[in-house]
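Peer 1: Shown below is the structure under consideration.
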Amino acid sequence: MNHSLGRLLLLFFLLGGLPVRTMAGDENPSWLDSFLLTGWAEAIQSMRTHRPNDSLTSRVRLRLELEADFDAFYGFVSVNTEKNWQIDGETGVDLQEAWLEYAAGNWDLRIGRQIIIWGRADGVQITDIVSPPDYTESITRDLDEIRIPVDAAKFRLLGDALVTELIWIPVFEPAVQPSGDNPWAVETNRSENVHVTMADSDEPDSSLENSEIALKLAAYLSGLDVAASVFYTWDDYPAYHRITRSQDDDFFVDYAPRHHRLTVLGLEFSRPWSDFVFRGEAAFFLGKYLETDDITMDPMKKDKLKWLGGVDWTPGDDWTVIGQITGDLIMDYDARLADEAHESMATLSVSKKLLNQTLTLTTMLYYDLNENEIYTRPKVDYALTDALHLMMGADIFCGDGGDFGNYRNNSQVWVKAKYSF
Amino acid sequence: MDKQSFKPAIHFMIMLLTFSPVMATDGPQTGKEIMNRVDDRPDGDDRKSVLTMTLINKSGRQRIREVVSFSKDFGKDKKSVMVFKKPADVSGTAFLNWEYDDPAREDDKWLYMPAMKKVRRISGASKNEYFMGSDFTYDDMGDRNVEEDTHTLVGAETVDGHECWKIESIPVDTEDMYTRKVIWVCKAAEMVIKAEYYDKDGLLKVYKALDFRQQDGFWTLFKSEMNNVSRNHKTVMTMDSVQYNNGIDDDLFRVSTLQRGSIR
């Protein structure tokens with residue numbers, strides 16, 4: 001554990017791990033009443049279900065969140081400190097978010113490092129692409145732990161039913177994918193005579209012309225939420241451009257990954273009816289570079305549509321059922337592309353609470369309809385006290401060679417303890 | 001704790017908050033008239049309060065829930081916001097409800113969950129679910145239409161020194177979780193101060209108002225308890241910092257305010 005982490009833990013224990021803000025209405029309020037320190041600490045340990053039955057996830061993490069509330073001005077800072085026994089690069093102290101907000105009657109402005117979340121999907125990202133994803137532990141992390149904060153200014157015009165949102169992101173932030181010794185890095189099998197070099201990814205500099213801009217109009221009406229957006233961005237994932245050559249029986253591939261400009265048009269809606277909420281989302285990617293099946297061939301630039309339809313059902317007695325279907329549709333399809341013309345996936349989430357809502361049983365199932373592969377995440381969560389939750393669960397991958405099947409040897413069971421304060 | 005735990009909670013906060021001193025010169029003649037009076041009490045133009053629930057199990061272990069509630073009338077409609085303060089793992093969760101007077105129109109509800117950092121549209125809740133693990137269902141707390149039961153005035157009794165009407169309420173829906181309720185309505189406050197809940201196995205729960213008095217001209221419930229005799233579990237509910245007609249800003253009840261993640 002490094003010194004910074006130790007100092008933060010010391011600070012936490014000195015503060016007694018308790019919120020420092022007192023309830024409004026105290027007789028002698030002080031400036032300290034405007035501050036609130038909260039957070040959580042958690043430890044997780046997993047075991048691979050396949051040989052050699054080793055650990056894939058082993059870490060402790062402390063999150064501290066500090067709020068400062070001065071009427072129209074509001075500030076927020078969150079810090080993660082982590083010791084990770086599996087992925088060295090994750091150990092350390094990270095500033096998660098740090099932003100300042102000013103709220104007037106009909107507009108507000110938030111400036112700083114922040115997580116921005118769009119969309120209506122559950123456990124799937126369609127229009128939710130403003131904050132890029134961190135797949136260091138693949139998709140086994142909860143979605144709220146996957147998003148990477150961006151340095152941005154977010155301005156909103158606030159009507160009674162209509163919200164206009166304008167976002168400026170001057171600093172590019174790429175998606176993070178597992179690499180190196182990370183057990184979640186996918187190995188690529190190549191024949192012995194293929195030699196590959198990989199240059200550093202060419203990322204856009206931080207400049208005004210390289211800024212990302214987003215505009216979203218959202219309406220919250222009686223019985224219907226709708227939103228439309230346009231996002232002029234950079235692709236979070238680089239396109240793997242390449243130069244190839246052959247010499248005798250050897251084949252050489254020099255990759256030069258590069259991020260490209262991308263415009264994404266988005267639509268979303270939510271519609272409640274009785275015990276159901278129907279949801280839909282679509283994102284149209286204009287000019288996205290897609291990988292080919294041929295190692296000698298550069299990525300191809302195509303338009304792509306991602307879509308989702310879903311329904312939430314809350315029948316009562318502490319049951320929740322969520323079903324979704326998503327799809328990726330490539331326009332003007334070329335048979336040499338690695339992906340199929342239309343790929344689709346179904347998800348099913350079922351949750352039930354027991355024992356005065358202290359015990360929660362949950363499962364989330366992803367079913368790849370093209371590859372016939374499954375990823376499922378059953379979980380048991382028991383609230384030993386209001387603050388302390390004990391959990392156990394599993395990440396089960398079934399398939400062969402697809403997005404889920406690649407991890408078939410990474411299926412794991414895990415236990416976790418989480419203390420909130 | 002997931003989203004359905006919070007859904008219609010705002011309804012019962014409103015019902016709990018206010019009890020007006022309506023003293024009709026011509027007393028109600030039927031059980032339904034009495035229950036309509038209980039349901040229709042005026043409660044000011046806006047209101048704010050802090051609700052604390054202490055959940056006590058059979059071994060005496062306690063769990064605490066704390067909620068800050070705001071609500072405001074918009075003509076005959078009502079908009080409400082609840083912000084959860086305790087326990088820590090749900091602190092910051094906020095629930096917005098637009099409740100319409102027209103019974104044919106479904107309420108609009110949104111939920112903000114801090115872990116997800118976004119607002120979700122949610123549906124009408126199942127009313128027989130228990131609120132935040134307590135012994136109160138949403139129905140128990142007032143989110144129940146008078147028309148959903150057949151109310152019969154069976155007599156008058158005194159409870160803890162208060163003159164009451166005694167009413168038997170039978171659910172119209174035979175699948176309801178209760179087979180019948182016996183309710184004592186305080187004549188002076190026109191509020192339920194005791195209730196017994198029965199299911200097919202007999203007595204299930206007993207409700208009692210422990211402290212109620214007038215504040216700012218409105219009868220206000222400050223403390224009550226629900227004793228679930230079938231599972232040896234009890235919930236004590238207290239109401240603090242009750243404020244009426246404070247001129248709460250309309251902006252508080254917008255989805256865009258909920259999206260900020262910090263009701264202030």
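Following the order of the structure tokens, chains are lettered A, B, ..., residues in each are numbered from 1, and ligands are numbered from 1.
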Report as JSON, numbers by chain the set of chain A residues whose atoms approach chain B to within 6 Å, with distances computed over only C-alpha atoms.

Peer 2: {"A": [144, 272, 275, 276, 277, 316, 317, 356, 357, 386, 420, 421]}

Peer 1: Using only C-alpha atoms, find each residue in segment 213-266 of chain A having at least one atom no more than 12 Å away from segment 186-207 of chain A; report its shortest atom-to-atom pair and that distance in Å (one decimal), rows by chain then rising number, as JSON lines.

Peer 2:
{"residue": "A:Thr233", "atom": "CA", "partner": "A:Pro204", "partner_atom": "CA", "distance": 10.9}
{"residue": "A:Trp234", "atom": "CA", "partner": "A:Pro204", "partner_atom": "CA", "distance": 8.3}
{"residue": "A:Asp235", "atom": "CA", "partner": "A:Glu203", "partner_atom": "CA", "distance": 10.0}
{"residue": "A:Asp236", "atom": "CA", "partner": "A:Glu203", "partner_atom": "CA", "distance": 9.6}
{"residue": "A:Tyr237", "atom": "CA", "partner": "A:Ser201", "partner_atom": "CA", "distance": 9.6}
{"residue": "A:Pro238", "atom": "CA", "partner": "A:Ser201", "partner_atom": "CA", "distance": 6.9}
{"residue": "A:Ala239", "atom": "CA", "partner": "A:Ser201", "partner_atom": "CA", "distance": 9.1}
{"residue": "A:Tyr240", "atom": "CA", "partner": "A:Ser201", "partner_atom": "CA", "distance": 8.8}
{"residue": "A:His241", "atom": "CA", "partner": "A:Met198", "partner_atom": "CA", "distance": 10.1}
{"residue": "A:Arg242", "atom": "CA", "partner": "A:Met198", "partner_atom": "CA", "distance": 9.1}
{"residue": "A:Ile243", "atom": "CA", "partner": "A:Thr197", "partner_atom": "CA", "distance": 10.0}
{"residue": "A:Thr244", "atom": "CA", "partner": "A:Val196", "partner_atom": "CA", "distance": 9.3}
{"residue": "A:Arg245", "atom": "CA", "partner": "A:His195", "partner_atom": "CA", "distance": 10.0}
{"residue": "A:Ser246", "atom": "CA", "partner": "A:Val194", "partner_atom": "CA", "distance": 9.1}
{"residue": "A:Gln247", "atom": "CA", "partner": "A:Asn193", "partner_atom": "CA", "distance": 10.0}
{"residue": "A:Asp248", "atom": "CA", "partner": "A:Asn193", "partner_atom": "CA", "distance": 9.8}
{"residue": "A:Asp249", "atom": "CA", "partner": "A:Asn193", "partner_atom": "CA", "distance": 6.7}
{"residue": "A:Asp250", "atom": "CA", "partner": "A:Asn193", "partner_atom": "CA", "distance": 4.7}
{"residue": "A:Phe251", "atom": "CA", "partner": "A:Val194", "partner_atom": "CA", "distance": 4.7}
{"residue": "A:Phe252", "atom": "CA", "partner": "A:His195", "partner_atom": "CA", "distance": 4.8}
{"residue": "A:Val253", "atom": "CA", "partner": "A:Val196", "partner_atom": "CA", "distance": 4.8}
{"residue": "A:Asp254", "atom": "CA", "partner": "A:Thr197", "partner_atom": "CA", "distance": 4.8}
{"residue": "A:Tyr255", "atom": "CA", "partner": "A:Met198", "partner_atom": "CA", "distance": 4.8}
{"residue": "A:Ala256", "atom": "CA", "partner": "A:Ala199", "partner_atom": "CA", "distance": 5.2}
{"residue": "A:Pro257", "atom": "CA", "partner": "A:Ser201", "partner_atom": "CA", "distance": 4.7}
{"residue": "A:Arg258", "atom": "CA", "partner": "A:Asp202", "partner_atom": "CA", "distance": 4.6}
{"residue": "A:His259", "atom": "CA", "partner": "A:Glu203", "partner_atom": "CA", "distance": 5.8}
{"residue": "A:His260", "atom": "CA", "partner": "A:Pro204", "partner_atom": "CA", "distance": 8.6}
{"residue": "A:Arg261", "atom": "CA", "partner": "A:Pro204", "partner_atom": "CA", "distance": 9.4}

Peer 1: Go ahead and save the picked residues with C-alpha atoms, as a PDB file, in the first residue's frame.

Peer 2:
ATOM      1  CA  THR A 233     -16.553  13.398 -30.921  1.00  0.00           C
ATOM      2  CA  TRP A 234     -13.487  11.229 -31.401  1.00  0.00           C
ATOM      3  CA  ASP A 235     -13.865   7.477 -31.512  1.00  0.00           C
ATOM      4  CA  ASP A 236     -12.893   6.190 -28.050  1.00  0.00           C
ATOM      5  CA  TYR A 237     -11.321   3.172 -29.745  1.00  0.00           C
ATOM      6  CA  PRO A 238      -8.477   3.526 -32.248  1.00  0.00           C
ATOM      7  CA  ALA A 239      -8.681   2.128 -35.762  1.00  0.00           C
ATOM      8  CA  TYR A 240      -5.803  -0.292 -36.322  1.00  0.00           C
ATOM      9  CA  HIS A 241      -4.308   0.963 -39.566  1.00  0.00           C
ATOM     10  CA  ARG A 242      -1.437  -1.180 -40.798  1.00  0.00           C
ATOM     11  CA  ILE A 243       1.394  -1.589 -43.239  1.00  0.00           C
ATOM     12  CA  THR A 244       2.159  -5.132 -44.309  1.00  0.00           C
ATOM     13  CA  ARG A 245       5.078  -6.692 -46.116  1.00  0.00           C
ATOM     14  CA  SER A 246       6.353 -10.197 -46.734  1.00  0.00           C
ATOM     15  CA  GLN A 247       9.855 -11.546 -46.909  1.00  0.00           C
ATOM     16  CA  ASP A 248      10.462 -15.160 -47.809  1.00  0.00           C
ATOM     17  CA  ASP A 249       8.018 -17.120 -45.651  1.00  0.00           C
ATOM     18  CA  ASP A 250       7.640 -14.372 -43.037  1.00  0.00           C
ATOM     19  CA  PHE A 251       4.860 -11.844 -42.936  1.00  0.00           C
ATOM     20  CA  PHE A 252       5.242  -8.482 -41.187  1.00  0.00           C
ATOM     21  CA  VAL A 253       2.414  -6.269 -39.942  1.00  0.00           C
ATOM     22  CA  ASP A 254       3.143  -2.825 -38.514  1.00  0.00           C
ATOM     23  CA  TYR A 255       0.077  -1.460 -36.775  1.00  0.00           C
ATOM     24  CA  ALA A 256      -0.400   2.292 -36.378  1.00  0.00           C
ATOM     25  CA  PRO A 257      -3.551   2.779 -34.252  1.00  0.00           C
ATOM     26  CA  ARG A 258      -5.253   6.117 -34.770  1.00  0.00           C
ATOM     27  CA  HIS A 259      -8.388   7.722 -33.332  1.00  0.00           C
ATOM     28  CA  HIS A 260     -10.808   9.252 -35.828  1.00  0.00           C
ATOM     29  CA  ARG A 261     -13.465  11.887 -35.728  1.00  0.00           C
TER      30      ARG A 261
END

Peer 1: What is the atom CA of Thr385 of chain A-atom CA of Glu82 of chain A distance in Å, reported with one decimal?

Peer 2: 23.9 Å

Peer 1: What does the distance from atom CA of Pro315 of chain A to atom CA of Met391 of chain A come to in Å, to one decimal?

Peer 2: 25.1 Å

Peer 1: Considering only C-alpha atoms, state which residue in the set B:Glu225, B:Glu148, B:Asp140, B:Asp240 is at the smallest distance from Ile183 of chain B.

Peer 2: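 Using only C-alpha atoms, Ile183 of chain B sits closest to B:Asp140.
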
Peer 1: Hey, what's within 8 Å of segment 337-340 of chain A if we count only C-alpha atoms and toss same-chain stuff fewer than 6 positions away? As a VMD selection string, please?

Peer 2: chain A and resid 290 to 293 300 330

Peer 1: Given the selection you just returned, output its residues as a file containing N, CA and C atoms, formatted as a CSV table (one decimal), in the first residue's frame.

Peer 2:
chain,number,residue,atom,x,y,z
A,290,LEU,N,-14.2,0.2,-38.9
A,290,LEU,CA,-14.5,-1.2,-38.4
A,290,LEU,C,-13.4,-2.1,-38.9
A,291,GLU,N,-13.0,-3.1,-38.0
A,291,GLU,CA,-12.0,-4.0,-38.3
A,291,GLU,C,-12.4,-5.0,-39.4
A,292,THR,N,-11.4,-5.4,-40.1
A,292,THR,CA,-11.7,-6.4,-41.2
A,292,THR,C,-11.2,-7.8,-40.8
A,293,ASP,N,-11.6,-8.8,-41.6
A,293,ASP,CA,-11.3,-10.2,-41.3
A,293,ASP,C,-9.9,-10.5,-41.8
A,300,MET,N,-12.3,-0.5,-42.4
A,300,MET,CA,-13.2,0.2,-43.3
A,300,MET,C,-14.1,1.2,-42.6
A,330,ILE,N,-24.7,-2.6,-39.5
A,330,ILE,CA,-23.7,-1.9,-40.3
A,330,ILE,C,-24.3,-1.6,-41.7
